[in-house]
Amino acid sequence: MNYYAGYYYVDITNVKSGDYECKVIYYDNGSYEWYPDGMGNGLNFYVDDNSTVRIILNPHSREPYVEIYNPGETVPTFKPPVEPTNPTEKTEPVTNATEPIISYTEPTTIATETTYTYENSPKTTVQFNKSIATIYRKAQLQIKPIITNGRGKTTYKSSNSSVVKVNSSGKATGIKKGTATITVTNNNGSAKLKITVKNPKLNVSKKTITAGKSFKLKITGRVGTAKFSSSNKKIATVTKSGKVKGVKNGKTIINVKTNGITLKCKVTVQPNYTKYKGTWKNGNNKIVIKSVNGSKIKVYMYTKYAFGGRFADATTTGTIKNYSVKLYFTDSWLNDGVCTLKLKSNSISAKTKITYHEPSANASLYINGTFKKK
């Protein structure tokens with residue numbers, strides 16, 4: 001507390017707005033409790049933010065005096081208030097007085113409340129270049145919102161954490177197949193990003209190959225490493241890189257573990273029928289297998305009995321299934337019939353009935369038996 005000309009005073013600056021009450025005054029002669037109204041009630045006053053409050057005390061009369069200076073006002077050098085005098089008396093100056101004789105005027109005005117005007121803060125906006133995104137299971141996506149006039153912390157929230165999880169920095173992880181919406185919020189602005197999670201996919205889910213042939217399995221959307229295995233290695237094998245090779249005829253499944261799930265490819269292996277290509281003979285009859293493409297076969301049949309030793313247009317194609325093929329012959333007037341071939345390791349078993357037509361008569365020809373490679 002400061003002292004000037006018989007008065008004690010203190011300046012309190014940067015006061016927050018509100019109602020205040022002053023009850024206790026301390027000064028250097030000692031301390032005493034000061035209740036201005038004598039009833040135990042303090043001196044009440046209201047100030048605005050950042051005001052300066054000056055509390056003045058005359059220790060002789062114990063009369064309070066409070067001055068309030070609003071923000072922006074200059075706080076003047078302290079001048080003690082004038083002590084009250086009898087209006088009928090004249091106040092003569094006193095020579096060599098140690099303290100000035102001053103008049104006191106009871107304050108009759110209260111500082112008015114100051115009104116402040118603030119400009120509106122710019123609005124925060126959050127947006128995305130695209131409002132949808134697609135990721136694969138176990139894959140991650142860093143969400144990058146475009147934030148204008150952002151303030152404070154940016155938050156990320158998933159509508160379905162069992163499908164897409166997102167951390168506090170905006171990194172989203174696909175958990176399982178489905179769709180979830182990520183809401184990004186900053187201050188009073190927000191935007192939504194729809195994320196679809198897909199499972200990885202094989203380039204083929206079903207394949208038929210010939211024994212000894214191979215093909216490559218490829219994965220779309222793979223995250224990390226993949227593990228390949230065959231359910232029956234006697235039918236088909238698979239390498240660490242996904243190369244599948246047929247061993248012998250039969251069916252098996254290639255399992256591919258990736259992204260936390262297992263993908264499957266059904267593989268059917270057919271025998272290598274190309275070894276049957278060539279000429280097979282049984283006495284005066286012969287079967288010529290002209291071509292074998294996978295399981296597709298093209299066959300000519302010959303006999304010495306018809307038209308110079310050959311069936312007229314006796315050519316047909318068929319599909320081999322489990323080393324057996326049924327061939328149908330047909331012609332407008334020369335011949336028609338059916339032939340069943342059983343393909344064995346070193347022979348062909350044939351059962352056939354061919355009917356050929358001449359202008360004068362009809363006749364049937366049978367070419368049956370076992371044919372050996374010529």
# chains A, B, ... in the order shown; residues from 1 in each chain; ligands from 1
>>> residues_around(residues="A:Ile289", least_positions_apart="5", cutoff="6 Å", atoms="only C-alpha atoms", output="list in words")
Lys277, Gly278, Lys298 and Val299 of chain A
>>> write_last_selection(atoms="all heavy atoms", output="PDB file, in the first residue's frame")
ATOM      1  N   LYS A 277      -1.728 -89.058 -79.937  1.00  0.00           N
ATOM      2  CA  LYS A 277      -1.696 -88.578 -81.319  1.00  0.00           C
ATOM      3  C   LYS A 277      -0.864 -89.540 -82.178  1.00  0.00           C
ATOM      4  O   LYS A 277       0.212 -89.983 -81.794  1.00  0.00           O
ATOM      5  CB  LYS A 277      -1.094 -87.176 -81.358  1.00  0.00           C
ATOM      6  CG  LYS A 277      -1.096 -86.544 -82.730  1.00  0.00           C
ATOM      7  CD  LYS A 277      -0.501 -85.134 -82.652  1.00  0.00           C
ATOM      8  CE  LYS A 277      -0.436 -84.501 -84.025  1.00  0.00           C
ATOM      9  NZ  LYS A 277       0.161 -83.141 -83.961  1.00  0.00           N
ATOM     10  N   GLY A 278      -1.387 -89.907 -83.387  1.00  0.00           N
ATOM     11  CA  GLY A 278      -0.683 -90.820 -84.289  1.00  0.00           C
ATOM     12  C   GLY A 278      -1.618 -91.874 -84.865  1.00  0.00           C
ATOM     13  O   GLY A 278      -2.843 -91.742 -84.828  1.00  0.00           O
ATOM     14  N   LYS A 298      -9.381 -85.069 -82.600  1.00  0.00           N
ATOM     15  CA  LYS A 298      -9.889 -85.180 -83.974  1.00  0.00           C
ATOM     16  C   LYS A 298      -9.430 -86.536 -84.539  1.00  0.00           C
ATOM     17  O   LYS A 298      -8.237 -86.842 -84.504  1.00  0.00           O
ATOM     18  CB  LYS A 298      -9.360 -84.048 -84.836  1.00  0.00           C
ATOM     19  CG  LYS A 298      -9.962 -84.017 -86.243  1.00  0.00           C
ATOM     20  CD  LYS A 298      -9.494 -82.776 -86.986  1.00  0.00           C
ATOM     21  CE  LYS A 298     -10.177 -82.690 -88.350  1.00  0.00           C
ATOM     22  NZ  LYS A 298      -9.764 -81.491 -89.099  1.00  0.00           N
ATOM     23  N   VAL A 299     -10.392 -87.336 -85.059  1.00  0.00           N
ATOM     24  CA  VAL A 299     -10.125 -88.728 -85.430  1.00  0.00           C
ATOM     25  C   VAL A 299     -10.554 -89.010 -86.874  1.00  0.00           C
ATOM     26  O   VAL A 299     -11.621 -88.573 -87.308  1.00  0.00           O
ATOM     27  CB  VAL A 299     -10.858 -89.693 -84.475  1.00  0.00           C
ATOM     28  CG1 VAL A 299     -10.593 -91.144 -84.876  1.00  0.00           C
ATOM     29  CG2 VAL A 299     -10.439 -89.433 -83.035  1.00  0.00           C
TER      30      VAL A 299
END
>>> select_by_dssp(residues="stretch 193-326 of chain A", states="helix (DSSP H, G or I)", output="PDB file with all heavy atoms, in the first residue's frame")
ATOM      1  N   TYR A 273      -3.246 -85.976 -73.031  1.00  0.00           N
ATOM      2  CA  TYR A 273      -3.698 -86.867 -74.096  1.00  0.00           C
ATOM      3  C   TYR A 273      -2.871 -86.757 -75.374  1.00  0.00           C
ATOM      4  O   TYR A 273      -3.135 -87.480 -76.337  1.00  0.00           O
ATOM      5  CB  TYR A 273      -5.167 -86.572 -74.426  1.00  0.00           C
ATOM      6  CG  TYR A 273      -6.119 -86.821 -73.279  1.00  0.00           C
ATOM      7  CD1 TYR A 273      -6.838 -85.776 -72.708  1.00  0.00           C
ATOM      8  CD2 TYR A 273      -6.314 -88.103 -72.778  1.00  0.00           C
ATOM      9  CE1 TYR A 273      -7.716 -86.006 -71.666  1.00  0.00           C
ATOM     10  CE2 TYR A 273      -7.187 -88.339 -71.741  1.00  0.00           C
ATOM     11  CZ  TYR A 273      -7.887 -87.286 -71.185  1.00  0.00           C
ATOM     12  OH  TYR A 273      -8.756 -87.521 -70.147  1.00  0.00           O
ATOM     13  N   THR A 274      -1.909 -85.869 -75.382  1.00  0.00           N
ATOM     14  CA  THR A 274      -1.150 -85.686 -76.631  1.00  0.00           C
ATOM     15  C   THR A 274      -0.377 -86.941 -77.030  1.00  0.00           C
ATOM     16  O   THR A 274      -0.055 -87.122 -78.210  1.00  0.00           O
ATOM     17  CB  THR A 274      -0.169 -84.509 -76.490  1.00  0.00           C
ATOM     18  OG1 THR A 274       0.698 -84.751 -75.379  1.00  0.00           O
ATOM     19  CG2 THR A 274      -0.923 -83.197 -76.290  1.00  0.00           C
ATOM     20  N   LYS A 275      -0.079 -87.825 -76.070  1.00  0.00           N
ATOM     21  CA  LYS A 275       0.663 -89.049 -76.409  1.00  0.00           C
ATOM     22  C   LYS A 275      -0.151 -90.009 -77.283  1.00  0.00           C
ATOM     23  O   LYS A 275       0.395 -90.941 -77.873  1.00  0.00           O
ATOM     24  CB  LYS A 275       1.099 -89.766 -75.136  1.00  0.00           C
ATOM     25  CG  LYS A 275      -0.026 -90.315 -74.295  1.00  0.00           C
ATOM     26  CD  LYS A 275       0.524 -91.011 -73.050  1.00  0.00           C
ATOM     27  CE  LYS A 275      -0.593 -91.602 -72.199  1.00  0.00           C
ATOM     28  NZ  LYS A 275      -0.050 -92.284 -70.993  1.00  0.00           N
ATOM     29  N   TYR A 276      -1.460 -89.759 -77.402  1.00  0.00           N
ATOM     30  CA  TYR A 276      -2.306 -90.632 -78.228  1.00  0.00           C
ATOM     31  C   TYR A 276      -2.347 -90.174 -79.685  1.00  0.00           C
ATOM     32  O   TYR A 276      -2.961 -90.840 -80.523  1.00  0.00           O
ATOM     33  CB  TYR A 276      -3.726 -90.700 -77.658  1.00  0.00           C
ATOM     34  CG  TYR A 276      -3.781 -91.364 -76.307  1.00  0.00           C
ATOM     35  CD1 TYR A 276      -3.875 -90.621 -75.148  1.00  0.00           C
ATOM     36  CD2 TYR A 276      -3.725 -92.757 -76.214  1.00  0.00           C
ATOM     37  CE1 TYR A 276      -3.910 -91.226 -73.910  1.00  0.00           C
ATOM     38  CE2 TYR A 276      -3.753 -93.371 -74.967  1.00  0.00           C
ATOM     39  CZ  TYR A 276      -3.848 -92.616 -73.823  1.00  0.00           C
ATOM     40  OH  TYR A 276      -3.869 -93.232 -72.599  1.00  0.00           O
TER      41      TYR A 276
END
>>> atom_distance(atom1="atom CA of A:Thr210", atom2="atom CA of A:Lys342")
18.3 Å
>>> residues_around(residues="A:Arg137", least_positions_apart="3", cutoff="8 Å", atoms="only C-alpha atoms", output="ChimeraX atom specification")
/A:173-177,197-200,223,259-260
>>> write_last_selection(atoms="N, CA and C atoms", output="PDB file, in the first residue's frame")
ATOM      1  N   THR A 173      -7.704 -48.105 -41.086  1.00  0.00           N
ATOM      2  CA  THR A 173      -7.317 -49.489 -41.377  1.00  0.00           C
ATOM      3  C   THR A 173      -8.565 -50.295 -41.684  1.00  0.00           C
ATOM      4  N   GLY A 174      -8.552 -51.023 -42.822  1.00  0.00           N
ATOM      5  CA  GLY A 174      -9.667 -51.893 -43.170  1.00  0.00           C
ATOM      6  C   GLY A 174      -9.643 -53.148 -42.317  1.00  0.00           C
ATOM      7  N   ILE A 175     -10.749 -53.454 -41.625  1.00  0.00           N
ATOM      8  CA  ILE A 175     -10.819 -54.612 -40.737  1.00  0.00           C
ATOM      9  C   ILE A 175     -11.514 -55.786 -41.419  1.00  0.00           C
ATOM     10  N   LYS A 176     -12.627 -55.535 -42.059  1.00  0.00           N
ATOM     11  CA  LYS A 176     -13.343 -56.588 -42.770  1.00  0.00           C
ATOM     12  C   LYS A 176     -14.178 -55.956 -43.887  1.00  0.00           C
ATOM     13  N   LYS A 177     -14.700 -56.802 -44.749  1.00  0.00           N
ATOM     14  CA  LYS A 177     -15.485 -56.333 -45.887  1.00  0.00           C
ATOM     15  C   LYS A 177     -16.719 -55.578 -45.399  1.00  0.00           C
ATOM     16  N   VAL A 197     -14.489 -51.294 -47.753  1.00  0.00           N
ATOM     17  CA  VAL A 197     -13.422 -52.277 -47.579  1.00  0.00           C
ATOM     18  C   VAL A 197     -13.748 -53.510 -48.423  1.00  0.00           C
ATOM     19  N   LYS A 198     -12.787 -53.934 -49.239  1.00  0.00           N
ATOM     20  CA  LYS A 198     -12.963 -55.095 -50.109  1.00  0.00           C
ATOM     21  C   LYS A 198     -11.988 -56.191 -49.705  1.00  0.00           C
ATOM     22  N   ASN A 199     -12.362 -57.433 -49.993  1.00  0.00           N
ATOM     23  CA  ASN A 199     -11.466 -58.554 -49.791  1.00  0.00           C
ATOM     24  C   ASN A 199     -10.522 -58.683 -50.982  1.00  0.00           C
ATOM     25  N   PRO A 200      -9.316 -59.189 -50.765  1.00  0.00           N
ATOM     26  CA  PRO A 200      -8.426 -59.446 -51.898  1.00  0.00           C
ATOM     27  C   PRO A 200      -9.046 -60.504 -52.817  1.00  0.00           C
ATOM     28  N   VAL A 223      -2.009 -57.563 -49.067  1.00  0.00           N
ATOM     29  CA  VAL A 223      -1.278 -56.764 -48.089  1.00  0.00           C
ATOM     30  C   VAL A 223      -0.329 -57.718 -47.358  1.00  0.00           C
ATOM     31  N   ASN A 259      -4.048 -61.341 -46.213  1.00  0.00           N
ATOM     32  CA  ASN A 259      -4.882 -60.291 -45.625  1.00  0.00           C
ATOM     33  C   ASN A 259      -5.783 -60.802 -44.510  1.00  0.00           C
ATOM     34  N   GLY A 260      -5.367 -61.892 -43.849  1.00  0.00           N
ATOM     35  CA  GLY A 260      -6.160 -62.403 -42.747  1.00  0.00           C
ATOM     36  C   GLY A 260      -7.290 -63.329 -43.147  1.00  0.00           C
TER      37      GLY A 260
END
>>> residues_around(residues="A:Pro271", least_positions_apart="5", cutoff="10 Å", atoms="only C-alpha atoms", output="ChimeraX atom specification")
/A:209-212,246-250,294-295,320-323
>>> atom_distance(atom1="atom CA of A:Ile68", atom2="atom CA of A:Ile55")
8.8 Å
>>> atom_distance(atom1="atom CA of A:Cys339", atom2="atom CA of A:Val325")
8.4 Å
>>> residues_around(residues="A:Asn188", least_positions_apart="6", cutoff="8 Å", atoms="only C-alpha atoms", output="ChimeraX atom specification")
/A:123-125
>>> residues_around(residues="stretch 146-152 of chain A", least_positions_apart="6", cutoff="10 Å", atoms="only C-alpha atoms", output="list in words")
Ser121, Pro122, Lys123, Thr124, Thr125, Val126, Gln127, Phe128, Asn129, Val184, Thr185, Asn186, Asn187, Asn188, Gly189, Ser190 and Ala191 of chain A
